[in-house]
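First comes the structure, then the notes that go with it.
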Amino acid sequence: MKIAQINKWHKSLNKDCYRNDIIIPFLLQYIHSQKKYITILDIGSGSGYIHQHVLPKSKSKIIRYYALDKDINMINFSKKNNIINHSAKISFLHANILDVNFFKKVDLIILSFSLLEFKPNQKFCKKLSKYLKKNASILIFIPDILQDILEKHEFSSLKKYIDNKLFFKKRNKFTKVVFPFVVNRTEKLLECFTANNLQIKSIVEKECLNKKSYIIEVVNG
Ligand SMILES: C[S@@+](CC[C@H](N)C(=O)[O-])C[C@H]1O[C@@H](n2cnc3c(N)ncnc32)[C@H](O)[C@@H]1O
């Protein structure tokens with residue numbers, strides 16, 4: 001994404017109920033409930049809105065936060081904009097998660113809306129399981145795209161959705177850029193993880209502005 005668009009997007013996230021009312025409070029509660037200090041890998045960390053809001057309130061429970069994104073402009077923006085003045089340490093990684101190997105094991109992997117941009121395959125799910133310590137979790141935040149398809153009466157899309165093949169062209173409400181979202185059917189995602197020795201711990205449905213989304217916790221246990 002171009003820097004000007006990232007800027008616009010980042011600013012508009014202040015009004016985004018998904019991140020402000022669901023994702024950030026959920027993450028903070030999760031982090032505070034941990035009995036130990038944790039390391040986090042945020043895949044598709046974008047402009048850094050999540051860690052910018054989570055790190056200062058994490059009461060130093062995060063010892064290392066890896067913010068990974070394949071878009072160099074996102075990484076540069078995130079580096080410049082996030083003045084971290086607390087004890088947690090952040091590392092910025094410019095990489096495509098589908099191509100790289102990450103050589104650390106972490107306590108928590110965050111996938112916040114990044115699964116709107118790529119489809120995880122078996123290789124990816126297997127890799128993720130290797131990046132997790134024992135009993136560590138992946139938290140997936142993902143909107144319910146089926147709701148969009150049904151609401152828009154896009155019944156031609158429904159067949160593609162059923163076949164797990166849909167790219168949903170959607171105007172980003174913040175930047176107005178039209179871009180193809182990848183539709184990841186929730187149960188297909190779950191299949192990918194469970195086939196690679198990961199277990200589904202919980203699926204929570206949330207709603208903001210009449211739109212449904214899911215928080216899925218997957219555990220390596
Ligand atoms: C919708 S944004 C979400 C940003 C952030 N997680 C948030 O919730 O604010 C998705 C991000 O995932 C990144 N991304 C998409 N595919 C990726 C991949 N294969 N590897 C790493 N990052 C990826 C994009 O560059 C983009 O910054």
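A note on labels: chains of the structure tokens are A, B, ... as shown, every chain counts residues from 1, and ligands are counted from 1 in their shown order.
Environment of ligand 1, defined as every protein or nucleic acid residue with an atom within 6 Å of it and counting only C-alpha atoms and all ligand atoms, comprises Ile43, Gly44, Ser45, Gly46, Tyr49, Ile50, Asp69, Lys70, Asp71, Met74, Ala95, Asn96, Ile97, Leu98, Ser112, Phe113, Ser114, Glu117 and Phe118 of chain A.
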Practice item. Run DSSP on the backbone and give me the residues of range 71-134 of chain A it puts in strand (DSSP E or B), as a VMD selection string. Key: chain A and resid 89 to 94 106 to 112 132 to 134
Exercise for review: Just the residues within 8 Å of Ile90 in chain A, please, counting only C-alpha atoms, with nothing from its chain fewer than 2 positions along; format it as a ChimeraX atom specification.
Suggested key: /A:64-67,88,92
Could you turn the residues from that selection into a file that holds N, CA and C atoms, as a PDB file, in the first residue's frame?
```pdb
ATOM      1  N   ARG A  64       8.847  -9.813  24.163  1.00  0.00           N
ATOM      2  CA  ARG A  64       9.286  -9.544  22.790  1.00  0.00           C
ATOM      3  C   ARG A  64       8.077  -9.621  21.870  1.00  0.00           C
ATOM      4  N   TYR A  65       7.939  -8.616  21.027  1.00  0.00           N
ATOM      5  CA  TYR A  65       6.808  -8.574  20.080  1.00  0.00           C
ATOM      6  C   TYR A  65       7.402  -8.498  18.683  1.00  0.00           C
ATOM      7  N   TYR A  66       7.173  -9.559  17.891  1.00  0.00           N
ATOM      8  CA  TYR A  66       7.651  -9.570  16.509  1.00  0.00           C
ATOM      9  C   TYR A  66       6.510  -9.108  15.609  1.00  0.00           C
ATOM     10  N   ALA A  67       6.693  -7.965  14.949  1.00  0.00           N
ATOM     11  CA  ALA A  67       5.674  -7.448  14.030  1.00  0.00           C
ATOM     12  C   ALA A  67       6.144  -7.756  12.618  1.00  0.00           C
ATOM     13  N   ALA A  88       8.652  -3.535  26.933  1.00  0.00           N
ATOM     14  CA  ALA A  88       8.587  -4.605  25.924  1.00  0.00           C
ATOM     15  C   ALA A  88       9.441  -4.231  24.728  1.00  0.00           C
ATOM     16  N   PHE A  92      10.792  -5.554  14.113  1.00  0.00           N
ATOM     17  CA  PHE A  92      10.015  -5.457  12.878  1.00  0.00           C
ATOM     18  C   PHE A  92      10.629  -6.392  11.844  1.00  0.00           C
TER      19      PHE A  92
END
```
Exercise for review: Determine which residues of range 50-130 of chain A receive a DSSP assignment of helix (DSSP H, G or I), computed from the backbone, and state them as a ChimeraX atom specification.
Suggested key: /A:50-57,72-81,114-116,122-130
**Study point:** 12 Å contact set for Ile162 in chain A, only C-alpha atoms, chain neighbours under 2 positions out, as a list in words
**Key:**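 Final neighbour list, sorted by chain and number: Ile145, Leu146, Ile149, Phe155, Ser156, Ser157, Leu158, Lys159, Lys160, Asn164, Lys165, Leu166, Val183, Asn184, Arg185, Thr186, Glu187 and Lys188 of chain A.
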Residues from last step as file, C-alpha atoms, as a CSV table (one decimal), in the first residue's frame:
```csv
chain,number,residue,atom,x,y,z
A,145,ILE,CA,-17.6,-12.9,4.9
A,146,LEU,CA,-20.5,-15.2,4.3
A,149,ILE,CA,-22.2,-12.4,0.5
A,155,PHE,CA,-25.6,-15.6,-5.0
A,156,SER,CA,-23.2,-16.2,-7.9
A,157,SER,CA,-20.5,-15.8,-5.3
A,158,LEU,CA,-22.0,-18.4,-3.1
A,159,LYS,CA,-21.0,-21.3,-5.3
A,160,LYS,CA,-17.4,-20.0,-5.2
A,164,ASN,CA,-13.5,-22.1,-1.0
A,165,LYS,CA,-12.4,-20.3,-4.1
A,166,LEU,CA,-13.7,-16.8,-3.7
A,183,VAL,CA,-12.5,-15.5,1.6
A,184,ASN,CA,-11.3,-18.0,4.1
A,185,ARG,CA,-14.1,-20.3,5.1
A,186,THR,CA,-13.9,-20.6,8.9
A,187,GLU,CA,-14.3,-24.4,8.9
A,188,LYS,CA,-11.7,-24.8,6.2
```
Check your understanding: Looking at only C-alpha atoms, which of A:Ala136, A:Leu55, A:Leu116, A:Ile22 is the one that sits closest to Phe168 in chain A?
Key ->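 Checking each candidate against Phe168 in chain A, we get A:Leu116 as the closest.
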Exercise for review: May I ask for the distance between CA of Gln147 in chain A and CA of Gln122 in chain A, given in Å to one decimal place?
Suggested key: 26.0 Å
**Study point:** A:Gly221, A:Pro180, A:Pro120, A:Gly48 ranked by distance to Lys133 in chain A, top pick (using only C-alpha atoms)
**Key:**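 Checking each candidate against Lys133 in chain A, we get A:Gly221 as the closest.
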Check your understanding: Looking at only C-alpha atoms, which of A:Asn101, A:Ile142, A:Lys134, A:Tyr161 is the one that sits closest to Lys211 in chain A?
Key ->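 For Lys211 in chain A, the nearest of the candidates is A:Ile142.
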Check your understanding: Given the choices A:Lys8, A:Lys80, A:His51, A:Lys206, which gets closest to Ile24 in chain A if the distance is worked out from only C-alpha atoms?
Key ->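 Among the listed residues, A:His51 lies closest to Ile24 in chain A.
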Exercise for review: Measure the distance from CA of Leu209 in chain A to CA of Lys2 in chain A in Å and round it to one decimal.
Suggested key: 27.9 Å
Point to revise | One-decimal distance in Å that lies between CA of Asn196 in chain A and CA of Lys126 in chain A | key: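 That distance, rounded to one decimal, is 5.4 Å.
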Review point. Using only C-alpha atoms, which of A:Asn73, A:Cys192, A:Phe167, A:Phe181 sits nearest Cys125 in chain A?
Key: A:Cys192
Point to revise | Spatial neighbours of Trp9 in chain A, max dist 9 Å, only C-alpha atoms, sep filter under 4 positions, as an MDAnalysis selection string | key: chainID A and resid 4:5 13 47 174:175
Check your understanding: Which neighbours of range 26-33 of chain A fall inside 12 Å, counting only C-alpha atoms, when residues of the same chain fewer than 4 positions from it are skipped, and could you give them as number ranges by chain?
Key -> A: 18-22, 37-40, 42, 50-51, 53-63, 107-112, 137-141, 204, 206, 214-217
Suppose we keep N, CA and C atoms; can you now write the selection as a CSV table (one decimal), in the first residue's frame?
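Result file is part_27.csv:
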```csv
chain,number,residue,atom,x,y,z
A,18,TYR,N,-14.1,-3.0,15.4
A,18,TYR,CA,-13.5,-4.3,15.5
A,18,TYR,C,-12.2,-4.2,16.3
A,19,ARG,N,-11.4,-3.3,15.9
A,19,ARG,CA,-10.1,-3.2,16.6
A,19,ARG,C,-10.2,-2.6,18.1
A,20,ASN,N,-11.0,-1.5,18.2
A,20,ASN,CA,-11.0,-0.8,19.5
A,20,ASN,C,-11.9,-1.5,20.5
A,21,ASP,N,-13.0,-2.1,20.0
A,21,ASP,CA,-14.0,-2.7,21.0
A,21,ASP,C,-13.8,-4.2,21.1
A,22,ILE,N,-13.2,-4.8,20.2
A,22,ILE,CA,-13.1,-6.3,20.2
A,22,ILE,C,-11.7,-6.8,20.3
A,37,TYR,N,5.6,-14.2,31.5
A,37,TYR,CA,5.9,-13.2,30.5
A,37,TYR,C,5.9,-13.9,29.1
A,38,ILE,N,5.4,-13.2,28.1
A,38,ILE,CA,5.2,-13.9,26.8
A,38,ILE,C,5.9,-13.2,25.6
A,39,THR,N,6.1,-14.0,24.6
A,39,THR,CA,6.6,-13.5,23.3
A,39,THR,C,5.5,-13.6,22.3
A,40,ILE,N,5.4,-12.7,21.4
A,40,ILE,CA,4.3,-12.6,20.4
A,40,ILE,C,4.8,-12.5,19.0
A,42,ASP,N,3.2,-11.3,15.5
A,42,ASP,CA,2.0,-10.7,14.9
A,42,ASP,C,2.2,-10.8,13.4
A,50,ILE,N,-2.5,-2.4,16.2
A,50,ILE,CA,-2.7,-3.3,17.3
A,50,ILE,C,-1.6,-3.2,18.4
A,51,HIS,N,-0.3,-3.3,17.9
A,51,HIS,CA,0.7,-3.3,19.0
A,51,HIS,C,0.9,-1.9,19.6
A,53,HIS,N,-1.4,0.0,20.5
A,53,HIS,CA,-2.4,0.1,21.6
A,53,HIS,C,-2.3,-1.0,22.7
A,54,VAL,N,-1.7,-2.1,22.3
A,54,VAL,CA,-1.6,-3.3,23.2
A,54,VAL,C,-0.3,-3.1,24.1
A,55,LEU,N,0.8,-2.8,23.4
A,55,LEU,CA,2.1,-2.8,24.2
A,55,LEU,C,2.1,-1.9,25.4
A,56,PRO,N,1.7,-0.6,25.2
A,56,PRO,CA,1.7,0.3,26.4
A,56,PRO,C,0.9,-0.2,27.6
A,57,LYS,N,-0.2,-1.0,27.3
A,57,LYS,CA,-1.1,-1.4,28.4
A,57,LYS,C,-0.8,-2.9,28.8
A,58,SER,N,0.3,-3.4,28.3
A,58,SER,CA,0.5,-4.8,28.6
A,58,SER,C,1.2,-5.1,30.0
A,59,LYS,N,1.4,-4.0,30.7
A,59,LYS,CA,2.1,-4.1,32.0
A,59,LYS,C,3.4,-4.9,31.9
A,60,SER,N,4.1,-4.7,30.9
A,60,SER,CA,5.4,-5.3,30.6
A,60,SER,C,5.3,-6.8,30.6
A,61,LYS,N,4.1,-7.4,30.4
A,61,LYS,CA,4.0,-8.9,30.3
A,61,LYS,C,4.5,-9.4,29.0
A,62,ILE,N,4.8,-8.5,28.0
A,62,ILE,CA,5.3,-9.0,26.7
A,62,ILE,C,6.8,-8.7,26.7
A,63,ILE,N,7.6,-9.8,26.6
A,63,ILE,CA,9.0,-9.6,26.6
A,63,ILE,C,9.5,-9.3,25.2
A,107,ASP,N,4.9,-17.6,22.4
A,107,ASP,CA,3.8,-18.0,23.2
A,107,ASP,C,2.5,-17.7,22.6
A,108,LEU,N,2.5,-16.7,21.6
A,108,LEU,CA,1.2,-16.3,21.0
A,108,LEU,C,1.5,-15.8,19.6
A,109,ILE,N,0.6,-16.3,18.7
A,109,ILE,CA,0.7,-15.8,17.3
A,109,ILE,C,-0.7,-15.1,17.1
A,110,ILE,N,-0.6,-13.8,16.6
A,110,ILE,CA,-1.8,-13.1,16.3
A,110,ILE,C,-2.0,-13.0,14.8
A,111,LEU,N,-3.2,-13.3,14.3
A,111,LEU,CA,-3.6,-13.1,12.9
A,111,LEU,C,-4.8,-12.2,12.9
A,112,SER,N,-4.5,-10.9,12.9
A,112,SER,CA,-5.7,-10.0,13.0
A,112,SER,C,-6.0,-9.5,11.6
A,137,SER,N,-0.7,-20.5,21.9
A,137,SER,CA,-1.9,-20.3,21.1
A,137,SER,C,-1.7,-19.4,19.9
A,138,ILE,N,-2.7,-19.6,19.0
A,138,ILE,CA,-2.8,-18.6,17.9
A,138,ILE,C,-4.2,-18.0,18.1
A,139,LEU,N,-4.2,-16.7,18.0
A,139,LEU,CA,-5.5,-16.0,18.1
A,139,LEU,C,-5.8,-15.4,16.7
A,140,ILE,N,-6.9,-15.9,16.1
A,140,ILE,CA,-7.3,-15.4,14.8
A,140,ILE,C,-8.5,-14.5,14.9
A,141,PHE,N,-8.4,-13.3,14.4
A,141,PHE,CA,-9.6,-12.4,14.3
A,141,PHE,C,-10.0,-12.3,12.9
A,204,VAL,N,-15.3,-17.7,19.4
A,204,VAL,CA,-16.3,-16.7,20.0
A,204,VAL,C,-16.8,-15.8,18.8
A,206,LYS,N,-18.5,-12.4,17.7
A,206,LYS,CA,-18.6,-11.0,18.1
A,206,LYS,C,-19.4,-10.2,17.1
A,214,TYR,N,-15.3,-13.4,14.1
A,214,TYR,CA,-15.0,-14.5,15.0
A,214,TYR,C,-13.6,-14.3,15.6
A,215,ILE,N,-13.5,-14.8,16.8
A,215,ILE,CA,-12.2,-14.9,17.5
A,215,ILE,C,-12.0,-16.4,17.7
A,216,ILE,N,-11.0,-16.9,17.0
A,216,ILE,CA,-10.7,-18.3,17.1
A,216,ILE,C,-9.4,-18.5,17.9
A,217,GLU,N,-9.4,-19.4,18.9
A,217,GLU,CA,-8.2,-19.7,19.6
A,217,GLU,C,-7.8,-21.1,19.2
```
Revision key, fill the gap. One residue among A:Ser213, A:Ser129, A:Asn135, A:Asn197 is nearest to Gln34 in chain A when using only C-alpha atoms, and that residue is A:Asn135
